[in-house]
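Working notes, beginning with the structure itself.
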Amino acid sequence: MSDPPLLDEHSDATALPAWQRLSTHARDLVRTRLYDLVSEDSKRFANFTLSGAGIEIDYSKQHVTRATMDLLIELATESGLPDAIDALFTGAPLNYTENRSAHHTRLRSDDRHDSEVNTVLERVRSLASDIRSGAKRGYGGSPITDVVHIGIGGSVCGPQLVFDVLRGTPSQPGCHFVANHDEHDLGEALRRLSPDTTLFIIVSKSFTTPETMLNAERARSWFLERGGDPQTLGGHFMAVTGNARRACDFGIDEQNVFPIWEWVGGRFSLWSAAGILTLAIALGWSKVNELLHGARAMDDHFRSQEMSANLPLLLALLGVWNANFLGATSHAVIPYAHRLRKLPEYLQQLEMESNGKSVSIDGSPTRVHTAPVVWGGTGTVSQHSFHQLLMQGTRRTGIDFIVPLANGDENTRAMLANCIAQSEALLRGRPTDECESELPPELSPSERTRLAKHQTIEGNRGSNLIMLENLSARSLGALIALYEHKVFCQGIIWRVNSFDQWGVQLAKRLGHQLEQELNPAHPLLGPTHDPATAALVRHVRGDTS
Ligand code: F6P
């Protein structure tokens with residue numbers, strides 16, 4: 001295995017001069033209220049807003065000064081980010097624990113000399129067009145009306161998010177995403193479907209993931225039990241995988257197997273056939289093309305813009321600033337667009353599976369906190385649930401508000417107004433004397449003071465406002481690529497490998513064993529469990545001895 005790129009540099013972020021200077025700077029800066037920083041600079045909005053690839057980020061309400069930003073950029077430089085960005089785009093083996101590159105940008109690079117990628121894009125385009133036009137039909141001669149996409153994690157989150165944002169009403173053909181081990185997930189998807197008009201797309205890089213394999217087998221049984229026969233199965237099941245042999249063994253025609261290359265990580269696989277096959281069938285090729293185009297625009301921006309004007313780097317640095325220097329324990333993603341409701345879930349996998357690590361590049365423990373907990377929900381609905389915590393809770397949270405500006409209609413205005421109101425309230429707060437002055441005069445002074453304290457909002461809480469030109473395929477592609485690159489930059493700064501996920505393996509193995517053991521007809525497999533788990537297993541099995 002080759003040496004990881006950048007290994008020779010350092011593995012301890014705190015040893016960097018910029019990290020130490022940022023620590024001192026943060027201790028000083030928090031003595032100045034954010035509201036004062038904002039109030040004393042009439043050009044704050046203009047000076048702290050960046051744009052590129054159709055996206056604008058207003059970070060004027062972050063607890064930063066120009067000096068903070070300069071120090072953060074020094075941190076990026078000392079972390080080796082310029083070289084790391086080159087390494088990403090040239091396909092260096094950045095996933096050094098698996099000796100693989102993380103070359104997802106190649107999938108959207110529009111390089112006409114890349115015949116490996118272009119051949120697959122063309123196969124996807126042509127198959128999707130045949131299905132949508134009715135040239136390719138179900139075994140009974142009817143057009144395909146529904147696509148069932150089976151996969152989990154990176155093999156479903158991306159296409160599900162994109163479909164949700166871009167689908168028309170109703171979408172044609174219908175599209176259903178199935179991930180969970182729980183049989184009700186597939187059961188609900190199949191409820192009104194008929195085998196002769198349904199296409200199954202099984203997406204799994206490994207083609208061994210238990211949830212996906214189980215759902216694929218259930219789907220195959222459903223197909224055969226309801227009138228499909230083994231000869232027609234090949235035309236109704238497609239696979240996208242890095243393990244073509246297993247897909248063929250499952251019964252899928254070789255011509256219906258599309259690749260996920262080794263150099264494409266699961267959570268970065270939206271741009272491969274893993275995402276775009278289903279999307280091209282459900283939405284049409286032009287939408288997919290626009291999506292790729294938007295991502296490519298963000299790639300170009302990320303690769304070419306200097307650090308002080310670089311959107312993904314900016315987002316990464318502000319995240320590091322909030323999490324590592326201002327003590328934010330989590331990061332909330334709040335899109336003000338119903339159609340972006342799957343974004344928090346998508347980013348949970350992208351950010352936490354990538355950077356939820358505690359071992360540094362050389363195998364030593366990281367000395368710094370890495371990925372914060374990512375969570376969120378759509379505004380305005382979230383205002384009626386967790387914004388209370390954002391306003392008055394004891395924990396600091398990093399916040400991304402995301403809003404499409406679109407056409408300035410009434411709906412957009414109302415959403416935008418709500419979104420801006422939240423960021424302004426977080427910034428300025430509501431002082432106790434203002435609360436007290438608005439309480440009914442008939443209350444006793446002590447009652448007024450007590451109530452006013454409950455109503456006080458401290459303020460001084462920062463947030464980003466990410467503005468999209470609109471909610472088109474192009475903007476969405478740019479937005480997703482923005483977060484992909486943010487995650488990459490943070491991984492470099494925290495010195496972790498953003499492209500592996502060893503942490504999920506142990507429980508997978510234990511789950512496999514437990515599934516057998518929880519069956520009372522099956523013997524316990526030996527003294528491998530801790531006493532608490534062993535007792536729980538016996539309890540659930542109903543063992544009496
Ligand atoms: O949860 C671990 C994981 O490997 C993810 O990284 C991945 O996206 C998901 O499982 C699905 O894996 P596969 O595509 O191999 O089925």
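Just so we're on the same page: first chain in the structure tokens is A, next is B, and so on; residues restart at 1 for each chain, and ligands are numbered from 1 in the order they show up.
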Write out as a list in words the residues lying within 8 Å of Gly228 (chain A), counting only C-alpha atoms and excluding same-chain residues fewer than 3 positions away.
Tyr139, Pro195, Asp196, Phe223, Leu224, Glu225, Thr232 and Leu233 of chain A
Just to be explicit: take each residue in the selection above, keep N, CA and C atoms, and write the result as a short mmCIF file (atom, residue, chain, number, x, y, z; two decimals), in the first residue's frame.
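Contents of the output file result_31.cif:
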```cif
data_model
loop_
_atom_site.label_atom_id
_atom_site.label_comp_id
_atom_site.auth_asym_id
_atom_site.auth_seq_id
_atom_site.Cartn_x
_atom_site.Cartn_y
_atom_site.Cartn_z
N TYR A 139 -42.77 -7.15 -19.65
CA TYR A 139 -42.92 -8.43 -20.35
C TYR A 139 -44.29 -8.60 -20.99
N PRO A 195 -46.17 -6.37 -11.55
CA PRO A 195 -44.83 -6.78 -12.00
C PRO A 195 -44.54 -6.46 -13.46
N ASP A 196 -45.56 -6.54 -14.33
CA ASP A 196 -45.25 -6.35 -15.76
C ASP A 196 -44.95 -4.90 -16.11
N PHE A 223 -42.05 -10.55 -7.66
CA PHE A 223 -42.16 -10.53 -9.13
C PHE A 223 -42.57 -11.91 -9.64
N LEU A 224 -41.92 -12.95 -9.12
CA LEU A 224 -42.21 -14.31 -9.62
C LEU A 224 -43.57 -14.80 -9.15
N GLU A 225 -43.93 -14.44 -7.92
CA GLU A 225 -45.22 -14.91 -7.40
C GLU A 225 -46.41 -14.25 -8.09
N THR A 232 -38.37 -13.68 -17.85
CA THR A 232 -38.62 -12.24 -18.02
C THR A 232 -37.94 -11.41 -16.93
N LEU A 233 -37.47 -12.10 -15.88
CA LEU A 233 -36.86 -11.37 -14.76
C LEU A 233 -35.69 -10.49 -15.22
#
```
Contacts of ligand 1, 6 Å or closer, only C-alpha atoms and all ligand atoms, given as a PDB file with C-alpha atoms, in the first residue's frame:
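Writing done, so here's part02.pdb:
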```pdb
ATOM      1  CA  ILE A 152     -29.104   1.831   1.402  1.00  0.00           C
ATOM      2  CA  GLY A 153     -26.832   4.621   2.635  1.00  0.00           C
ATOM      3  CA  GLY A 154     -24.906   6.152  -0.229  1.00  0.00           C
ATOM      4  CA  SER A 155     -26.686   3.835  -2.629  1.00  0.00           C
ATOM      5  CA  SER A 204     -25.086  -1.831  -4.041  1.00  0.00           C
ATOM      6  CA  LYS A 205     -21.389  -1.253  -4.543  1.00  0.00           C
ATOM      7  CA  SER A 206     -20.580  -4.485  -2.701  1.00  0.00           C
ATOM      8  CA  PHE A 207     -23.724  -6.418  -3.631  1.00  0.00           C
ATOM      9  CA  THR A 209     -25.180  -5.386   2.025  1.00  0.00           C
ATOM     10  CA  GLY A 266     -20.651   4.987  -1.705  1.00  0.00           C
ATOM     11  CA  ARG A 267     -21.651   8.382  -0.311  1.00  0.00           C
ATOM     12  CA  VAL A 504     -19.786   0.487  10.714  1.00  0.00           C
TER      13      VAL A 504
END
```
Each residue of region 309-356 of chain A lying at most 12 Å from region 33-49 of chain A should get a row with its shortest atom-to-atom pair and the distance in Å to one decimal, counting only C-alpha atoms; could you produce that, ordered by chain and increasing number, as a Markdown table?
```
| residue | atom | partner | partner_atom | distance |
| --- | --- | --- | --- | --- |
| A:Ala309 | CA | A:Thr49 | CA | 9.4 |
| A:Asn310 | CA | A:Thr49 | CA | 11.1 |
| A:Leu311 | CA | A:Thr49 | CA | 9.8 |
| A:Leu314 | CA | A:Thr49 | CA | 10.3 |
| A:Leu315 | CA | A:Thr49 | CA | 11.6 |
| A:Leu318 | CA | A:Phe48 | CA | 11.9 |
```
Rows by chain and residue number, region 435-466 of chain A within 8 Å of region 411-429 of chain A, shortest pair, only C-alpha atoms, as a tab-separated table:
```
residue	atom	partner	partner_atom	distance
A:Thr456	CA	A:Gly429	CA	7.5
A:Ile457	CA	A:Gly429	CA	4.6
A:Glu458	CA	A:Gly429	CA	5.0
A:Gly459	CA	A:Gly429	CA	3.5
A:Asn460	CA	A:Leu427	CA	4.9
A:Arg461	CA	A:Leu426	CA	5.1
A:Gly462	CA	A:Leu427	CA	6.1
A:Ser463	CA	A:Ser423	CA	6.4
```
Q) If you run DSSP on the backbone, which residues of region 132-338 of chain A are helix (DSSP H, G or I), as a PyMOL selection string? A) chain A and resi 132-133+153-155+157-166+183-190+195-197+210-225+230-236+244-250+254-256+266-271+273-283+285-304+307-309+311-325+338
For Gln255 (chain A), find every residue with an atom within 10 Å (counting only C-alpha atoms), except residues of its own chain fewer than 3 positions away, and show them as a list of chain:residue names.
A:Arg123, A:Gly234, A:Gly235, A:Met238, A:Ala239, A:Cys248, A:Ile252, A:Phe258
Contact residues around His338 (chain A) with only C-alpha atoms at 12 Å, ignoring same-chain residues under 6 positions, as an mmCIF file with C-alpha atoms, in the first residue's frame:
```cif
data_model
loop_
_atom_site.group_PDB
_atom_site.id
_atom_site.type_symbol
_atom_site.label_atom_id
_atom_site.label_comp_id
_atom_site.auth_asym_id
_atom_site.auth_seq_id
_atom_site.Cartn_x
_atom_site.Cartn_y
_atom_site.Cartn_z
ATOM 1 C CA LEU A 161 -32.861 13.619 -2.409
ATOM 2 C CA ASP A 164 -37.644 14.634 -4.253
ATOM 3 C CA VAL A 165 -36.433 18.057 -5.310
ATOM 4 C CA LEU A 166 -36.897 17.738 -9.063
ATOM 5 C CA PRO A 344 -30.456 16.976 6.366
ATOM 6 C CA GLY A 377 -35.326 19.783 9.301
ATOM 7 C CA THR A 378 -37.179 22.115 6.978
ATOM 8 C CA GLY A 379 -38.174 25.605 7.878
ATOM 9 C CA THR A 380 -40.793 26.771 8.621
ATOM 10 C CA VAL A 381 -41.856 23.469 10.206
ATOM 11 C CA SER A 382 -38.672 23.362 12.295
ATOM 12 C CA ILE A 402 -30.566 27.287 2.971
ATOM 13 C CA VAL A 403 -33.033 29.131 0.814
ATOM 14 C CA PRO A 404 -33.798 29.234 -2.913
ATOM 15 C CA ASN A 411 -44.399 31.904 -1.426
ATOM 16 C CA THR A 412 -40.675 32.551 -1.864
ATOM 17 C CA MET A 415 -40.175 31.525 3.198
ATOM 18 C CA LEU A 471 -34.230 25.045 -7.023
#
```
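Closest to Ser109 (chain A) among A:Gly356, A:Gly363, A:Gly294, A:Pro372 is A:Gly294, based on only C-alpha atoms.
Shortest atom-to-atom contact with Asp146 (chain A) among A:Thr119, A:Cys175, A:Leu451, A:Ile276: A:Cys175, counting only C-alpha atoms.
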Which of these residues is nearest to Pro173 (chain A), using only C-alpha atoms: A:Gly140, A:Gly134, A:Pro445, A:Pro335?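 Result for the nearest residue to Pro173 (chain A): A:Gly134.
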Need the shell around Asp400 (chain A): protein/DNA/RNA residues with any atom at most 9 Å away, counting only C-alpha atoms. Skip same-chain ones fewer than 6 positions apart. Format as a PyMOL selection string? chain A and resi 331-335+463-466
Just all heavy atoms for this one: save the residues we selected as a PDB file, in the first residue's frame.
```
ATOM      1  N   HIS A 331     -24.395  20.529  14.391  1.00  0.00           N
ATOM      2  CA  HIS A 331     -24.571  21.415  13.236  1.00  0.00           C
ATOM      3  C   HIS A 331     -25.958  21.181  12.631  1.00  0.00           C
ATOM      4  O   HIS A 331     -26.259  20.073  12.199  1.00  0.00           O
ATOM      5  CB  HIS A 331     -23.476  21.145  12.199  1.00  0.00           C
ATOM      6  CG  HIS A 331     -23.500  22.129  11.084  1.00  0.00           C
ATOM      7  ND1 HIS A 331     -22.910  23.369  11.179  1.00  0.00           N
ATOM      8  CD2 HIS A 331     -24.076  22.082   9.872  1.00  0.00           C
ATOM      9  CE1 HIS A 331     -23.115  24.040  10.061  1.00  0.00           C
ATOM     10  NE2 HIS A 331     -23.829  23.278   9.244  1.00  0.00           N
ATOM     11  N   ALA A 332     -26.771  22.219  12.631  1.00  0.00           N
ATOM     12  CA  ALA A 332     -28.134  22.075  12.111  1.00  0.00           C
ATOM     13  C   ALA A 332     -28.215  22.569  10.672  1.00  0.00           C
ATOM     14  O   ALA A 332     -27.690  23.634  10.337  1.00  0.00           O
ATOM     15  CB  ALA A 332     -29.108  22.868  12.975  1.00  0.00           C
ATOM     16  N   VAL A 333     -28.864  21.769   9.835  1.00  0.00           N
ATOM     17  CA  VAL A 333     -29.076  22.135   8.433  1.00  0.00           C
ATOM     18  C   VAL A 333     -30.570  22.392   8.263  1.00  0.00           C
ATOM     19  O   VAL A 333     -31.387  21.491   8.489  1.00  0.00           O
ATOM     20  CB  VAL A 333     -28.643  20.987   7.505  1.00  0.00           C
ATOM     21  CG1 VAL A 333     -28.921  21.341   6.053  1.00  0.00           C
ATOM     22  CG2 VAL A 333     -27.170  20.662   7.704  1.00  0.00           C
ATOM     23  N   ILE A 334     -30.911  23.624   7.891  1.00  0.00           N
ATOM     24  CA  ILE A 334     -32.335  23.990   7.864  1.00  0.00           C
ATOM     25  C   ILE A 334     -32.689  24.611   6.512  1.00  0.00           C
ATOM     26  O   ILE A 334     -32.551  25.829   6.309  1.00  0.00           O
ATOM     27  CB  ILE A 334     -32.662  24.963   9.020  1.00  0.00           C
ATOM     28  CG1 ILE A 334     -32.110  24.401  10.342  1.00  0.00           C
ATOM     29  CG2 ILE A 334     -34.177  25.196   9.108  1.00  0.00           C
ATOM     30  CD1 ILE A 334     -32.260  25.322  11.527  1.00  0.00           C
ATOM     31  N   PRO A 335     -33.117  23.769   5.556  1.00  0.00           N
ATOM     32  CA  PRO A 335     -33.523  24.338   4.273  1.00  0.00           C
ATOM     33  C   PRO A 335     -34.924  24.937   4.371  1.00  0.00           C
ATOM     34  O   PRO A 335     -35.827  24.302   4.918  1.00  0.00           O
ATOM     35  CB  PRO A 335     -33.529  23.129   3.324  1.00  0.00           C
ATOM     36  CG  PRO A 335     -33.403  21.914   4.169  1.00  0.00           C
ATOM     37  CD  PRO A 335     -33.192  22.311   5.588  1.00  0.00           C
ATOM     38  N   SER A 463     -24.947  32.159  12.321  1.00  0.00           N
ATOM     39  CA  SER A 463     -25.496  31.217  11.335  1.00  0.00           C
ATOM     40  C   SER A 463     -24.998  31.607   9.943  1.00  0.00           C
ATOM     41  O   SER A 463     -24.578  32.742   9.720  1.00  0.00           O
ATOM     42  CB  SER A 463     -27.030  31.234  11.356  1.00  0.00           C
ATOM     43  OG  SER A 463     -27.503  32.535  11.089  1.00  0.00           O
ATOM     44  N   ASN A 464     -25.042  30.645   9.039  1.00  0.00           N
ATOM     45  CA  ASN A 464     -24.797  30.910   7.612  1.00  0.00           C
ATOM     46  C   ASN A 464     -26.133  31.021   6.894  1.00  0.00           C
ATOM     47  O   ASN A 464     -27.077  30.302   7.254  1.00  0.00           O
ATOM     48  CB  ASN A 464     -24.078  29.725   6.949  1.00  0.00           C
ATOM     49  CG  ASN A 464     -22.632  29.597   7.365  1.00  0.00           C
ATOM     50  OD1 ASN A 464     -21.932  30.594   7.510  1.00  0.00           O
ATOM     51  ND2 ASN A 464     -22.183  28.358   7.555  1.00  0.00           N
ATOM     52  N   LEU A 465     -26.178  31.825   5.870  1.00  0.00           N
ATOM     53  CA  LEU A 465     -27.339  31.806   4.981  1.00  0.00           C
ATOM     54  C   LEU A 465     -26.846  31.433   3.588  1.00  0.00           C
ATOM     55  O   LEU A 465     -26.059  32.176   2.972  1.00  0.00           O
ATOM     56  CB  LEU A 465     -28.027  33.179   4.955  1.00  0.00           C
ATOM     57  CG  LEU A 465     -29.228  33.264   4.015  1.00  0.00           C
ATOM     58  CD1 LEU A 465     -30.315  32.271   4.407  1.00  0.00           C
ATOM     59  CD2 LEU A 465     -29.814  34.665   4.001  1.00  0.00           C
ATOM     60  N   ILE A 466     -27.268  30.257   3.134  1.00  0.00           N
ATOM     61  CA  ILE A 466     -26.844  29.780   1.809  1.00  0.00           C
ATOM     62  C   ILE A 466     -28.001  30.021   0.844  1.00  0.00           C
ATOM     63  O   ILE A 466     -29.083  29.453   1.002  1.00  0.00           O
ATOM     64  CB  ILE A 466     -26.480  28.285   1.875  1.00  0.00           C
ATOM     65  CG1 ILE A 466     -25.358  28.080   2.901  1.00  0.00           C
ATOM     66  CG2 ILE A 466     -26.077  27.764   0.491  1.00  0.00           C
ATOM     67  CD1 ILE A 466     -24.936  26.647   3.091  1.00  0.00           C
TER      68      ILE A 466
END
```
- prompt: So which residues touch Val178 (chain A) within 12 Å, counting only C-alpha atoms, skipping near sequence neighbours fewer than 2 positions away, as a PyMOL selection string?
  reply: chain A and resi 147-153+155-157+159-160+175-176+180-190+200-203+211-216+218-219
Margin query: Excluding Leu121 (chain A) and its own-chain neighbours fewer than 2 positions away, which residues fall within 12 Å of it when counting only C-alpha atoms? Please give them as a PyMOL selection string.
Written below: chain A and resi 107-112+114-119+123-128+258-259+271-277+280+285+288-289+292
What separates CA of Thr97 (chain A) and CA of Gly158 (chain A) is a distance of 24.4 Å
DSSP on the backbone: which residues in region 70-211 of chain A end up as strand (DSSP E or B)? Give the answer as a compact mmCIF listing (two decimals) with C-alpha atoms, in the first residue's frame.
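Output file part_8.txt follows:
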```txt
# COMPACT_ATOMS: atom_id res chain seq x y z
CA ASN A 95 -8.59 6.90 0.73
CA ARG A 100 -8.19 3.98 -3.40
CA ARG A 137 -41.57 -2.24 -22.27
CA PRO A 143 -44.89 0.66 -20.77
CA ASP A 146 -42.82 2.46 -11.91
CA VAL A 147 -39.19 2.19 -10.88
CA VAL A 148 -38.27 0.67 -7.52
CA HIS A 149 -34.77 1.69 -6.46
CA ILE A 150 -33.38 -0.65 -3.80
CA GLY A 174 -43.35 6.79 -10.59
CA CYS A 175 -40.29 6.25 -8.47
CA HIS A 176 -40.00 4.45 -5.13
CA PHE A 177 -36.95 4.16 -2.91
CA VAL A 178 -36.53 1.21 -0.59
CA THR A 198 -42.34 -2.35 -12.72
CA LEU A 199 -38.57 -2.04 -13.06
CA PHE A 200 -36.29 -2.84 -10.13
CA ILE A 201 -32.89 -1.18 -9.85
CA ILE A 202 -30.69 -2.85 -7.24
CA VAL A 203 -27.89 -0.52 -6.19
```
